[in-house]
$ cat work_7.cif   # mmCIF, C-alpha atoms
data_data
#
loop_
_atom_site.label_atom_id
_atom_site.label_comp_id
_atom_site.auth_asym_id
_atom_site.auth_seq_id
_atom_site.Cartn_x
_atom_site.Cartn_y
_atom_site.Cartn_z
CA MET A 233 -16.40 3.42 -18.80
CA LYS A 234 -17.77 -0.12 -18.41
CA ALA A 235 -15.96 -2.40 -15.97
CA ALA A 236 -16.01 -6.13 -15.33
CA ILE A 237 -14.73 -7.79 -12.17
CA VAL A 238 -13.61 -11.41 -12.38
CA GLY A 239 -13.57 -13.18 -9.05
CA GLY A 240 -15.90 -10.67 -7.46
CA SER A 241 -17.01 -12.70 -4.45
CA GLY A 242 -13.65 -12.58 -2.68
CA TYR A 243 -12.55 -9.89 -0.27
CA VAL A 244 -10.60 -7.95 -2.90
CA GLY A 245 -13.52 -8.27 -5.33
CA GLY A 246 -15.82 -6.87 -2.66
CA GLU A 247 -13.60 -3.87 -2.15
CA LEU A 248 -13.41 -3.27 -5.90
CA LEU A 249 -17.19 -3.29 -6.01
CA ARG A 250 -17.49 -0.94 -3.04
CA LEU A 251 -15.18 1.57 -4.71
CA LEU A 252 -16.38 1.27 -8.30
CA LEU A 253 -20.09 1.43 -7.45
CA ARG A 254 -19.42 4.97 -6.22
CA HIS A 255 -16.96 5.91 -8.97
CA PRO A 256 -18.53 8.70 -11.06
CA HIS A 257 -16.85 7.62 -14.32
CA VAL A 258 -17.24 3.84 -14.05
CA GLU A 259 -20.22 1.55 -14.48
CA VAL A 260 -19.77 -1.97 -13.15
CA ALA A 261 -21.32 -3.91 -16.02
CA GLN A 262 -20.53 -7.42 -14.84
CA VAL A 263 -19.12 -9.30 -11.88
CA THR A 264 -18.27 -12.99 -12.03
CA SER A 265 -17.95 -15.71 -9.46
CA ASP A 266 -18.32 -19.38 -10.24
CA ALA A 267 -18.93 -20.21 -6.58
CA MET A 268 -21.70 -17.59 -6.21
CA ALA A 269 -23.16 -17.59 -9.75
CA GLY A 270 -26.79 -16.49 -9.78
CA LYS A 271 -26.67 -14.97 -6.32
CA ALA A 272 -26.98 -11.27 -5.54
CA VAL A 273 -23.77 -9.36 -4.81
CA GLY A 274 -25.07 -8.56 -1.34
CA ARG A 275 -25.00 -12.26 -0.42
CA ALA A 276 -21.19 -12.23 -0.59
CA HIS A 277 -20.70 -8.62 0.49
CA PRO A 278 -23.40 -7.63 2.98
CA ASN A 279 -22.06 -4.08 3.19
CA LEU A 280 -23.22 -3.65 -0.43
CA ARG A 281 -26.87 -4.56 0.17
CA LYS A 282 -29.15 -2.28 -1.83
CA ALA A 283 -26.13 -0.60 -3.42
CA THR A 284 -26.52 -2.56 -6.64
CA ASP A 285 -28.84 -4.95 -8.47
CA LEU A 286 -25.91 -6.94 -9.85
CA THR A 287 -25.79 -10.70 -9.49
CA PHE A 288 -22.73 -12.87 -9.93
CA GLU A 289 -22.33 -14.53 -13.31
CA PRO A 290 -20.20 -17.55 -14.15
CA ARG A 291 -16.74 -16.89 -15.49
CA THR A 292 -17.68 -18.43 -18.84
CA ALA A 293 -20.20 -15.62 -19.37
CA LEU A 294 -17.53 -12.89 -19.17
CA ARG A 295 -18.11 -10.19 -21.78
CA PRO A 296 -15.61 -7.66 -23.18
CA ALA A 297 -15.41 -4.45 -21.14
CA ASP A 298 -13.45 -1.22 -21.26
CA VAL A 299 -11.60 -2.39 -18.16
CA THR A 300 -11.43 -5.85 -16.61
CA PHE A 301 -10.24 -6.41 -13.06
CA LEU A 302 -8.91 -9.90 -12.31
CA ALA A 303 -9.33 -10.59 -8.60
CA THR A 304 -8.50 -14.26 -8.93
CA PRO A 305 -6.01 -16.52 -7.14
CA HIS A 306 -2.39 -16.61 -8.27
CA GLY A 307 -2.00 -18.73 -11.41
CA GLU A 308 -5.43 -18.09 -12.94
CA SER A 309 -4.64 -14.83 -14.75
CA MET A 310 -1.69 -16.27 -16.64
CA GLY A 311 -3.95 -18.01 -19.09
CA ALA A 312 -6.76 -15.45 -19.18
CA VAL A 313 -4.86 -12.25 -19.91
CA PRO A 314 -3.85 -12.89 -23.55
CA GLY A 315 -7.49 -13.31 -24.60
CA LEU A 316 -8.58 -10.25 -22.65
CA LEU A 317 -5.88 -8.12 -24.26
CA GLU A 318 -7.13 -9.20 -27.69
CA THR A 319 -10.48 -7.55 -26.95
CA GLY A 320 -8.67 -4.22 -26.72
CA GLY A 321 -9.68 -3.40 -23.16
CA LEU A 322 -7.53 -2.45 -20.22
CA VAL A 323 -6.64 -5.30 -17.85
CA LEU A 324 -5.77 -4.86 -14.18
CA ASP A 325 -4.55 -8.09 -12.65
CA LEU A 326 -4.57 -8.17 -8.86
CA SER A 327 -2.78 -11.51 -8.66
CA ALA A 328 0.98 -12.01 -8.83
CA ASP A 329 0.87 -13.43 -12.35
CA PHE A 330 2.36 -10.44 -14.17
CA ARG A 331 4.21 -8.59 -11.41
CA LEU A 332 7.65 -10.03 -12.02
CA HIS A 333 9.70 -9.14 -15.08
CA ASP A 334 11.97 -12.19 -14.83
CA PRO A 335 10.30 -15.42 -16.03
CA ALA A 336 12.76 -17.45 -13.95
CA ALA A 337 11.29 -15.92 -10.78
CA TYR A 338 7.96 -17.73 -11.28
CA PRO A 339 9.20 -21.30 -10.75
CA LYS A 340 11.32 -20.06 -7.84
CA TYR A 341 8.60 -18.14 -5.98
CA TYR A 342 5.31 -19.48 -7.39
CA ARG A 343 6.29 -23.05 -8.32
CA THR A 344 5.10 -22.70 -11.89
CA GLU A 345 6.53 -21.87 -15.28
CA HIS A 346 4.95 -18.76 -16.78
CA PRO A 347 3.05 -19.73 -19.95
CA HIS A 348 3.32 -16.24 -21.45
CA PRO A 349 6.73 -14.79 -20.56
CA GLU A 350 6.51 -12.53 -23.60
CA LEU A 351 3.83 -10.51 -21.78
CA LEU A 352 5.89 -9.86 -18.64
CA SER A 353 7.70 -6.91 -20.18
CA ARG A 354 4.38 -5.51 -21.41
CA ALA A 355 2.88 -5.42 -17.91
CA VAL A 356 3.41 -2.24 -15.88
CA TYR A 357 3.96 -2.71 -12.16
CA GLY A 358 0.99 -0.88 -10.73
CA LEU A 359 2.48 1.42 -8.17
CA PRO A 360 1.69 5.01 -9.21
CA GLU A 361 4.30 6.43 -6.83
CA LEU A 362 6.99 4.70 -8.93
CA HIS A 363 5.46 4.19 -12.37
CA ARG A 364 2.90 6.94 -12.93
CA ALA A 365 4.17 7.85 -16.39
CA GLU A 366 4.21 4.24 -17.63
CA LEU A 367 0.75 3.60 -16.22
CA ALA A 368 -0.69 6.40 -18.34
CA SER A 369 -0.32 4.28 -21.48
CA ALA A 370 -0.46 0.72 -20.08
CA ASP A 371 -2.88 -1.93 -21.32
CA LEU A 372 -1.85 -4.54 -18.73
CA ILE A 373 -1.32 -3.43 -15.13
CA ALA A 374 0.01 -5.82 -12.50
CA VAL A 375 -1.24 -4.61 -9.14
CA PRO A 376 1.42 -5.18 -6.46
CA GLY A 377 1.17 -7.41 -3.41
CA CYS A 378 0.14 -5.85 -0.12
CA MET A 379 3.30 -6.42 1.90
CA ALA A 380 5.42 -5.62 -1.13
CA THR A 381 3.65 -2.27 -1.53
CA ALA A 382 4.38 -1.35 2.07
CA ALA A 383 8.02 -2.41 1.94
CA ILE A 384 8.69 -0.75 -1.41
CA LEU A 385 7.14 2.55 -0.37
CA ALA A 386 9.12 2.46 2.88
CA LEU A 387 12.45 1.72 1.21
CA ARG A 388 12.51 3.46 -2.15
CA PRO A 389 13.35 6.95 -0.84
CA LEU A 390 16.39 5.51 0.94
CA VAL A 391 17.58 3.96 -2.32
CA THR A 392 16.97 7.10 -4.36
CA ALA A 393 18.89 9.19 -1.84
CA GLY A 394 21.77 6.68 -1.69
CA LEU A 395 21.38 6.22 2.05
CA VAL A 396 21.66 2.41 2.25
CA ASP A 397 24.59 0.20 1.44
CA ALA A 398 24.74 -3.20 -0.28
CA ARG A 399 23.98 -5.29 2.79
CA PRO A 400 20.62 -7.10 2.82
CA VAL A 401 17.70 -5.12 4.19
CA VAL A 402 15.52 -6.98 6.68
CA VAL A 403 11.78 -6.63 6.02
CA ASP A 404 9.68 -7.73 8.97
CA ALA A 405 6.03 -7.71 7.90
CA LYS A 406 2.86 -8.29 9.90
CA THR A 407 -0.48 -8.88 8.26
CA GLY A 408 -4.12 -9.43 9.13
CA SER A 409 -6.23 -12.45 8.27
CA SER A 410 -8.02 -10.99 5.22
CA ALA A 411 -4.74 -11.13 3.29
CA GLY A 412 -5.22 -14.89 3.16
CA GLY A 413 -8.50 -14.62 1.25
CA GLN A 414 -11.72 -16.51 1.82
CA GLU A 415 -10.66 -20.06 1.10
CA PRO A 416 -11.24 -22.13 4.23
CA GLY A 417 -8.31 -23.81 5.86
CA ARG A 418 -7.12 -24.91 9.28
CA ALA A 419 -4.94 -21.81 9.69
CA GLY A 420 -8.02 -19.64 9.40
CA THR A 421 -10.17 -21.28 12.02
CA HIS A 422 -10.99 -19.22 15.06
CA ALA A 423 -9.17 -21.64 17.32
CA GLU A 424 -5.96 -21.27 15.36
CA ARG A 425 -6.23 -17.60 14.49
CA ALA A 426 -7.43 -16.07 17.76
CA GLY A 427 -4.59 -14.51 19.68
CA THR A 428 -2.08 -15.44 17.01
CA MET A 429 1.36 -13.92 16.50
CA ARG A 430 2.64 -16.51 14.05
CA ALA A 431 5.72 -16.37 11.84
CA TYR A 432 4.06 -18.07 8.89
CA SER A 433 6.91 -17.34 6.50
CA ALA A 434 10.16 -16.86 8.41
CA VAL A 435 12.16 -16.96 5.18
CA GLY A 436 11.43 -17.18 1.47
CA HIS A 437 8.24 -15.12 1.29
CA ARG A 438 7.04 -14.64 -2.30
CA HIS A 439 6.89 -10.86 -2.05
CA THR A 440 10.68 -10.84 -1.69
CA ALA A 441 10.91 -10.99 -5.49
CA GLU A 442 8.73 -7.91 -6.02
CA ILE A 443 10.51 -5.86 -3.40
CA GLU A 444 13.92 -6.69 -4.86
CA GLN A 445 12.69 -5.92 -8.38
CA GLU A 446 11.33 -2.49 -7.43
CA THR A 447 14.04 -1.37 -5.00
CA GLY A 448 17.18 -3.01 -6.37
CA LEU A 449 18.00 -4.06 -2.82
CA SER A 450 18.83 -7.49 -1.46
CA ILE A 451 15.87 -8.35 0.78
CA ALA A 452 15.69 -10.66 3.80
CA MET A 453 11.99 -10.96 4.59
CA SER A 454 9.95 -12.54 7.36
CA ALA A 455 6.15 -12.42 7.51
CA HIS A 456 3.89 -12.78 10.53
CA ALA A 457 0.18 -13.31 10.99
CA VAL A 458 -1.29 -11.15 13.74
CA GLU A 459 -4.73 -10.85 15.23
CA ALA A 460 -6.26 -8.29 12.90
CA VAL A 461 -8.68 -8.58 10.00
CA ARG A 462 -7.13 -5.84 7.87
CA GLY A 463 -3.73 -4.25 7.91
CA VAL A 464 -0.08 -4.57 7.01
CA LEU A 465 2.85 -3.11 8.90
CA ALA A 466 6.26 -3.47 7.29
CA THR A 467 9.21 -2.66 9.52
CA CYS A 468 12.36 -2.50 7.43
CA HIS A 469 15.84 -2.52 8.93
CA ALA A 470 18.51 -1.06 6.66
CA PHE A 471 22.12 -0.24 7.36
CA GLY A 472 23.41 3.09 6.23
CA ALA A 473 26.10 3.72 3.70
CA ARG A 474 27.20 6.48 6.08
CA PRO A 475 25.86 8.10 9.24
CA VAL A 476 22.61 9.96 8.69
CA ASP A 477 20.39 12.08 10.88
CA GLU A 478 16.63 12.40 10.89
CA LYS A 479 16.62 15.71 9.07
CA GLU A 480 18.28 14.00 6.11
CA LEU A 481 15.64 11.29 6.18
CA TRP A 482 12.88 13.90 6.29
CA ARG A 483 14.38 15.52 3.19
CA ALA A 484 14.66 12.19 1.36
CA TYR A 485 11.07 11.17 2.13
CA ARG A 486 9.67 14.62 1.40
CA ALA A 487 11.42 14.59 -1.97
CA ALA A 488 9.86 11.22 -2.78
CA TYR A 489 6.35 11.72 -1.51
CA GLY A 490 5.75 15.43 -0.96
CA ALA A 491 3.19 15.57 -3.79
CA GLU A 492 1.75 12.05 -3.47
CA PRO A 493 -1.97 11.99 -2.69
CA PHE A 494 -1.92 8.68 -0.82
CA VAL A 495 1.44 8.58 0.96
CA ARG A 496 1.63 10.42 4.27
CA LEU A 497 4.83 10.88 6.24
CA VAL A 498 4.30 9.95 9.87
CA HIS A 499 7.10 10.41 12.37
CA GLU A 500 5.84 12.59 15.15
CA ALA A 501 7.54 13.77 18.26
CA ASP A 502 4.67 13.22 20.67
CA GLY A 503 1.33 11.55 21.03
CA ILE A 504 0.02 8.00 20.79
CA HIS A 505 0.29 7.54 17.03
CA ARG A 506 3.88 8.63 16.43
CA GLU A 507 4.69 6.08 13.73
CA PRO A 508 2.59 4.42 10.98
CA GLU A 509 -0.14 2.13 12.26
CA PRO A 510 -2.46 0.11 10.04
CA LYS A 511 -5.47 0.17 12.33
CA ILE A 512 -6.49 3.74 11.51
CA LEU A 513 -6.08 3.08 7.78
CA SER A 514 -8.82 0.46 7.49
CA GLY A 515 -10.88 1.15 4.40
CA THR A 516 -8.61 3.94 3.17
CA ASN A 517 -6.16 4.07 0.29
CA TYR A 518 -3.41 5.68 2.34
CA CYS A 519 0.02 4.27 2.97
CA ASP A 520 1.56 5.93 6.00
CA VAL A 521 5.36 5.92 5.89
CA GLY A 522 7.72 6.64 8.76
CA PHE A 523 11.35 6.26 9.72
CA ALA A 524 13.83 6.51 12.55
CA VAL A 525 17.60 6.51 12.98
CA ASP A 526 19.38 4.14 15.33
CA PRO A 527 22.87 5.65 15.74
CA HIS A 528 23.88 2.88 18.15
CA ALA A 529 23.63 0.21 15.45
CA GLY A 530 24.08 2.40 12.37
CA ARG A 531 20.57 1.37 11.42
CA ILE A 532 17.73 3.10 9.59
CA VAL A 533 14.27 1.81 10.45
CA ALA A 534 11.73 2.46 7.69
CA LEU A 535 8.08 1.71 8.39
CA ALA A 536 4.97 1.58 6.27
CA ALA A 537 1.38 0.76 7.15
CA LEU A 538 -1.62 0.21 4.89
CA ASP A 539 -4.91 -1.65 4.52
CA ASN A 540 -4.02 -4.82 2.61
CA LEU A 541 -7.36 -4.81 0.77
CA MET A 542 -7.10 -1.13 -0.19
CA LYS A 543 -3.68 0.40 -0.90
CA GLY A 544 -2.50 -3.20 -0.82
CA ALA A 545 -4.97 -4.32 -3.52
CA ALA A 546 -8.32 -2.86 -4.64
CA GLY A 547 -7.75 0.78 -3.72
CA ASN A 548 -4.42 0.84 -5.46
CA ALA A 549 -5.98 -0.81 -8.51
CA VAL A 550 -8.59 1.96 -8.70
CA GLN A 551 -5.83 4.54 -8.28
CA CYS A 552 -4.04 2.92 -11.24
CA LEU A 553 -7.25 3.05 -13.27
CA ASN A 554 -7.64 6.73 -12.44
CA VAL A 555 -4.09 7.41 -13.64
CA ARG A 556 -4.54 5.32 -16.79
CA ALA A 557 -7.90 6.87 -17.72
CA GLY A 558 -6.96 10.43 -16.86
CA PHE A 559 -9.48 10.74 -14.03
CA PRO A 560 -8.49 12.77 -10.95
CA GLU A 561 -6.27 10.31 -9.09
CA THR A 562 -8.23 10.41 -5.85
CA THR A 563 -11.62 9.70 -7.49
CA ALA A 564 -13.64 7.22 -5.37
CA LEU A 565 -10.75 6.96 -2.94
CA ASP A 566 -11.37 9.86 -0.59
CA PHE A 567 -12.44 7.92 2.53
CA LEU A 568 -10.44 9.18 5.50
CA GLY A 569 -10.93 6.16 7.75
CA LEU A 570 -12.42 5.79 11.20
CA HIS A 571 -11.12 6.68 14.62
CA PRO A 572 -11.58 5.11 17.03
CA LEU A 573 -12.07 1.75 15.42
CA MET B 160 8.99 31.69 7.14
CA THR B 161 11.50 29.57 9.00
CA GLN B 162 12.24 25.87 9.42
CA CYS B 163 11.41 23.38 12.13
CA PRO B 164 14.61 22.76 14.12
CA GLU B 165 13.75 19.06 14.37
CA CYS B 166 12.81 18.08 10.80
CA ASP B 167 13.51 21.13 8.60
CA ALA B 168 9.88 21.45 7.55
CA PRO B 169 8.97 24.97 6.36
CA VAL B 170 7.02 26.80 9.05
CA GLU B 171 4.91 29.85 8.23
CA ARG B 172 4.54 32.74 10.65
CA ASN B 173 1.07 33.83 9.57
CA ASP B 174 -0.16 35.82 12.60
CA LYS B 175 1.77 33.99 15.31
CA VAL B 176 3.13 36.03 18.22
CA VAL B 177 6.10 35.62 20.54
CA GLY B 178 5.44 32.92 23.09
CA GLU B 179 2.85 31.13 21.00
CA VAL B 180 3.18 27.36 20.91
CA PHE B 181 2.12 25.38 17.85
CA PRO B 182 2.89 21.96 16.34
CA CYS B 183 5.22 21.45 13.39
CA PRO B 184 3.02 20.43 10.44
CA ASP B 185 5.29 17.46 9.61
CA CYS B 186 6.84 15.99 12.74
CA GLY B 187 4.39 17.35 15.30
CA THR B 188 7.05 18.82 17.56
CA GLU B 189 5.59 21.55 19.75
CA LEU B 190 7.34 24.76 18.66
CA GLU B 191 7.49 28.04 20.54
CA VAL B 192 7.86 31.38 18.79
CA PHE B 193 10.74 33.37 20.27
CA GLY B 194 11.07 36.04 17.59
CA THR B 195 8.94 37.56 14.85
CA ALA B 196 11.41 39.82 13.04
CA PRO B 197 12.93 37.59 11.88
CA PHE B 198 10.48 34.79 12.59
CA ALA B 199 12.20 32.24 14.85
CA VAL B 200 11.06 29.12 16.67
CA GLN B 201 12.49 26.58 19.08
CA PRO B 202 11.17 23.34 20.57
CA ALA B 203 8.78 24.19 23.37
CA PRO B 204 9.67 22.92 26.84
CA LYS B 205 8.07 19.56 27.54
CA GLU B 206 6.52 18.29 30.68
CA ALA B 207 8.69 15.38 31.72
CA GLU B 208 7.10 11.96 31.88
CA ASP B 209 7.94 9.53 34.63
CA TRP B 210 6.75 6.01 34.04
CA GLY B 211 8.58 4.69 37.10
CA GLU B 212 11.12 2.80 35.09
#
$ encode --input "work_7.cif" --output "structure tokens"
Amino acid sequence: MKAAIVGGSGYVGGELLRLLLRHPHVEVAQVTSDAMAGKAVGRAHPNLRKATDLTFEPRTALRPADVTFLATPHGESMGAVPGLLETGGLVLDLSADFRLHDPAAYPKYYRTEHPHPELLSRAVYGLPELHRAELASADLIAVPGCMATAAILALRPLVTAGLVDARPVVVDAKTGSSAGGQEPGRAGTHAERAGTMRAYSAVGHRHTAEIEQETGLSIAMSAHAVEAVRGVLATCHAFGARPVDEKELWRAYRAAYGAEPFVRLVHEADGIHREPEPKILSGTNYCDVGFAVDPHAGRIVALAALDNLMKGAAGNAVQCLNVRAGFPETTALDFLGLHPL
Amino acid sequence: MTQCPECDAPVERNDKVVGEVFPCPDCGTELEVFGTAPFAVQPAPKEAEDWGE
């Protein structure tokens, strides 16, 4: 299967390359970057030196492929996808442009009208844990946002088991600096970023829309930048429809994820790493999910950790490709991570 | 087979003997075998921690 990556010089593009260059059923035929056109892939991604002879090509030179990954900023895929679909290939969009089913959500959360609302119902939300059957026949896959992936995977078992009531669920998310991409800006300078614990979106974060769409819950989200390069930790505070104990939560989460290759339940009685922690997941496609009961407040705390560039973006996209193409789902995604790191 | 008393995870006896301590495969609780016919486990006694709080 021949693959093209559009926007391949960014961090997500680099991770796509790292994974696909070692995928036994995929040949990366082309990678584009207007900013790096003509330069070797290793100039943007030094970890890939000598792994490939590919050079970046300009976007205008994009050729039809069996599968095209769009690793471009929000707003750029909206116009590109219709033409790509006409070529008959599979499209995986890693931006937010096709994640939301409701066209009215785009002006609210992304400050733009969607130029192709007729395609929103055609796009499959690319979370295999929720949409594996639909992914198997999709031609347009909208890969979820990183914090949204964590929050959705943390909360969905509670919804399925009927363990939360109608009150809003608080999602408190922390993320590392790579989630902001490579574009330079004052917030990314060392002086501003070093030592940070910044609430950069106390209310109104854009991923609220995805989480509400995929859980059916009312979401109250706050997002924080912390001093890490990779990683997302979503701590979700839900209030129970009735008192629950931890055994019931274990049953609910086992029922949801017992057979999932990339979701691990983490809620251990002892040790240092008792709950999900993003640090040990760097470079892996795992999402570690945990939970706890707070009987004092009638609260359920649901946690999820992942690498924002992997299960939160490129790794999950490759997982979706594996599902869509009928490859073993874990192909090219078997890295177990590093410890210590 | 029995279940972990903390999280209900299925726990296999395999060749475990009375008094053996092993971790629950799901929640990590240290379990102690106190019977083999039928197979039965209970949380193993913990060493108390004192952080001077």
$ closest_atom_pairs --input "work_7.cif" --of "chain A" --to "chain B" --cutoff "6 Å" --atoms "only C-alpha atoms" --output "JSON lines"
{"residue": "A:Lys479", "atom": "CA", "partner": "B:Cys166", "partner_atom": "CA", "distance": 4.8}
{"residue": "A:His499", "atom": "CA", "partner": "B:Cys186", "partner_atom": "CA", "distance": 5.6}
{"residue": "A:Glu500", "atom": "CA", "partner": "B:Cys186", "partner_atom": "CA", "distance": 4.3}
{"residue": "A:Ala501", "atom": "CA", "partner": "B:Thr188", "partner_atom": "CA", "distance": 5.1}
$ residues_around --input "work_7.cif" --residues "stretch 338-345 of chain A" --least-positions-apart "5" --cutoff "9 Å" --atoms "all atoms listed in the file" --output "list in words"
His306, Gly307, Ala328, Asp329, Leu332, Gly436, His437, Arg438, His439, Thr440 and Ala441 of chain A
$ residues_around --input "work_7.cif" --residues "A:Leu251" --least-positions-apart "6" --cutoff "12 Å" --atoms "all atoms listed in the file" --output "JSON, numbers by chain"
{"A": [235, 237, 244, 245, 257, 258, 259, 260, 279, 280, 283, 515, 516, 517, 541, 542, 545, 546, 547, 548, 549, 550, 551, 553, 554, 562, 563, 564, 565, 566, 567]}
$ resolve_selection --input "work_7.cif" --expression "the PyMOL selection byres ((chain B and resi 172) around 10)" --output "list in words"
Met160, Thr161, Pro169, Val170, Glu171, Asn173, Asp174, Lys175, Val176, Val192, Thr195, Pro197, Phe198, Ala199 and Val200 of chain B
$ residues_around --input "work_7.cif" --residues "A:Thr381" --least-positions-apart "6" --cutoff "8 Å" --atoms "all atoms listed in the file" --output "PyMOL selection string"
chain A and resi 359+443+543-544
$ atom_distance --input "work_7.cif" --atom1 "atom CA of A:Val402" --atom2 "atom CA of A:Pro376"
19.4 Å
$ decode --input "work_7.cif" --residues "stretch 329-353 of chain A" --atoms "N, CA and C atoms" --output "mmCIF file, in the first residue's frame"
data_model
loop_
_atom_site.group_PDB
_atom_site.id
_atom_site.type_symbol
_atom_site.label_atom_id
_atom_site.label_comp_id
_atom_site.auth_asym_id
_atom_site.auth_seq_id
_atom_site.Cartn_x
_atom_site.Cartn_y
_atom_site.Cartn_z
ATOM 1 N N ASP A 329 -10.778 19.063 11.233
ATOM 2 C CA ASP A 329 -11.706 19.553 10.214
ATOM 3 C C ASP A 329 -12.901 18.654 9.933
ATOM 4 N N PHE A 330 -12.805 17.374 10.254
ATOM 5 C CA PHE A 330 -13.935 16.481 9.982
ATOM 6 C C PHE A 330 -14.341 15.672 11.215
ATOM 7 N N ARG A 331 -13.913 16.121 12.396
ATOM 8 C CA ARG A 331 -14.226 15.355 13.607
ATOM 9 C C ARG A 331 -15.666 15.551 14.082
ATOM 10 N N LEU A 332 -16.213 16.706 13.835
ATOM 11 C CA LEU A 332 -17.512 17.046 14.417
ATOM 12 C C LEU A 332 -18.627 16.801 13.407
ATOM 13 N N HIS A 333 -19.689 16.161 13.858
ATOM 14 C CA HIS A 333 -20.808 15.872 12.960
ATOM 15 C C HIS A 333 -21.674 17.096 12.714
ATOM 16 N N ASP A 334 -21.716 18.008 13.672
ATOM 17 C CA ASP A 334 -22.624 19.152 13.612
ATOM 18 C C ASP A 334 -21.915 20.344 12.958
ATOM 19 N N PRO A 335 -22.369 20.774 11.782
ATOM 20 C CA PRO A 335 -21.706 21.919 11.129
ATOM 21 C C PRO A 335 -21.708 23.174 11.997
ATOM 22 N N ALA A 336 -22.725 23.334 12.826
ATOM 23 C CA ALA A 336 -22.812 24.541 13.652
ATOM 24 C C ALA A 336 -21.720 24.590 14.714
ATOM 25 N N ALA A 337 -21.078 23.445 14.973
ATOM 26 C CA ALA A 337 -20.009 23.436 15.980
ATOM 27 C C ALA A 337 -18.748 24.113 15.460
ATOM 28 N N TYR A 338 -18.568 24.172 14.141
ATOM 29 C CA TYR A 338 -17.317 24.746 13.605
ATOM 30 C C TYR A 338 -17.193 26.247 13.839
ATOM 31 N N PRO A 339 -18.223 27.044 13.544
ATOM 32 C CA PRO A 339 -18.087 28.469 13.901
ATOM 33 C C PRO A 339 -17.968 28.682 15.406
ATOM 34 N N LYS A 340 -18.595 27.828 16.197
ATOM 35 C CA LYS A 340 -18.538 28.005 17.651
ATOM 36 C C LYS A 340 -17.158 27.686 18.202
ATOM 37 N N TYR A 341 -16.554 26.591 17.759
ATOM 38 C CA TYR A 341 -15.286 26.142 18.352
ATOM 39 C C TYR A 341 -14.062 26.459 17.499
ATOM 40 N N TYR A 342 -14.244 26.622 16.186
ATOM 41 C CA TYR A 342 -13.083 26.839 15.309
ATOM 42 C C TYR A 342 -13.173 28.149 14.519
ATOM 43 N N ARG A 343 -14.184 28.933 14.816
ATOM 44 C CA ARG A 343 -14.340 30.273 14.239
ATOM 45 C C ARG A 343 -14.343 30.247 12.716
ATOM 46 N N THR A 344 -14.934 29.227 12.152
ATOM 47 C CA THR A 344 -15.045 29.175 10.696
ATOM 48 C C THR A 344 -16.261 28.339 10.298
ATOM 49 N N GLU A 345 -16.897 28.759 9.212
ATOM 50 C CA GLU A 345 -17.960 27.937 8.641
ATOM 51 C C GLU A 345 -17.308 26.765 7.901
ATOM 52 N N HIS A 346 -17.920 25.594 7.968
ATOM 53 C CA HIS A 346 -17.354 24.452 7.248
ATOM 54 C C HIS A 346 -17.792 24.514 5.787
ATOM 55 N N PRO A 347 -16.830 24.505 4.843
ATOM 56 C CA PRO A 347 -17.225 24.634 3.436
ATOM 57 C C PRO A 347 -17.848 23.366 2.850
ATOM 58 N N HIS A 348 -17.689 22.247 3.535
ATOM 59 C CA HIS A 348 -18.239 20.987 3.007
ATOM 60 C C HIS A 348 -18.990 20.226 4.106
ATOM 61 N N PRO A 349 -20.076 20.801 4.601
ATOM 62 C CA PRO A 349 -20.809 20.110 5.684
ATOM 63 C C PRO A 349 -21.384 18.771 5.237
ATOM 64 N N GLU A 350 -21.556 18.613 3.924
ATOM 65 C CA GLU A 350 -22.122 17.339 3.447
ATOM 66 C C GLU A 350 -21.171 16.162 3.688
ATOM 67 N N LEU A 351 -19.889 16.456 3.925
ATOM 68 C CA LEU A 351 -18.926 15.380 4.157
ATOM 69 C C LEU A 351 -18.803 14.996 5.636
ATOM 70 N N LEU A 352 -19.400 15.796 6.520
ATOM 71 C CA LEU A 352 -19.201 15.529 7.954
ATOM 72 C C LEU A 352 -19.829 14.200 8.370
ATOM 73 N N SER A 353 -20.944 13.853 7.748
ATOM 74 C CA SER A 353 -21.573 12.576 8.106
ATOM 75 C C SER A 353 -20.858 11.396 7.456
#
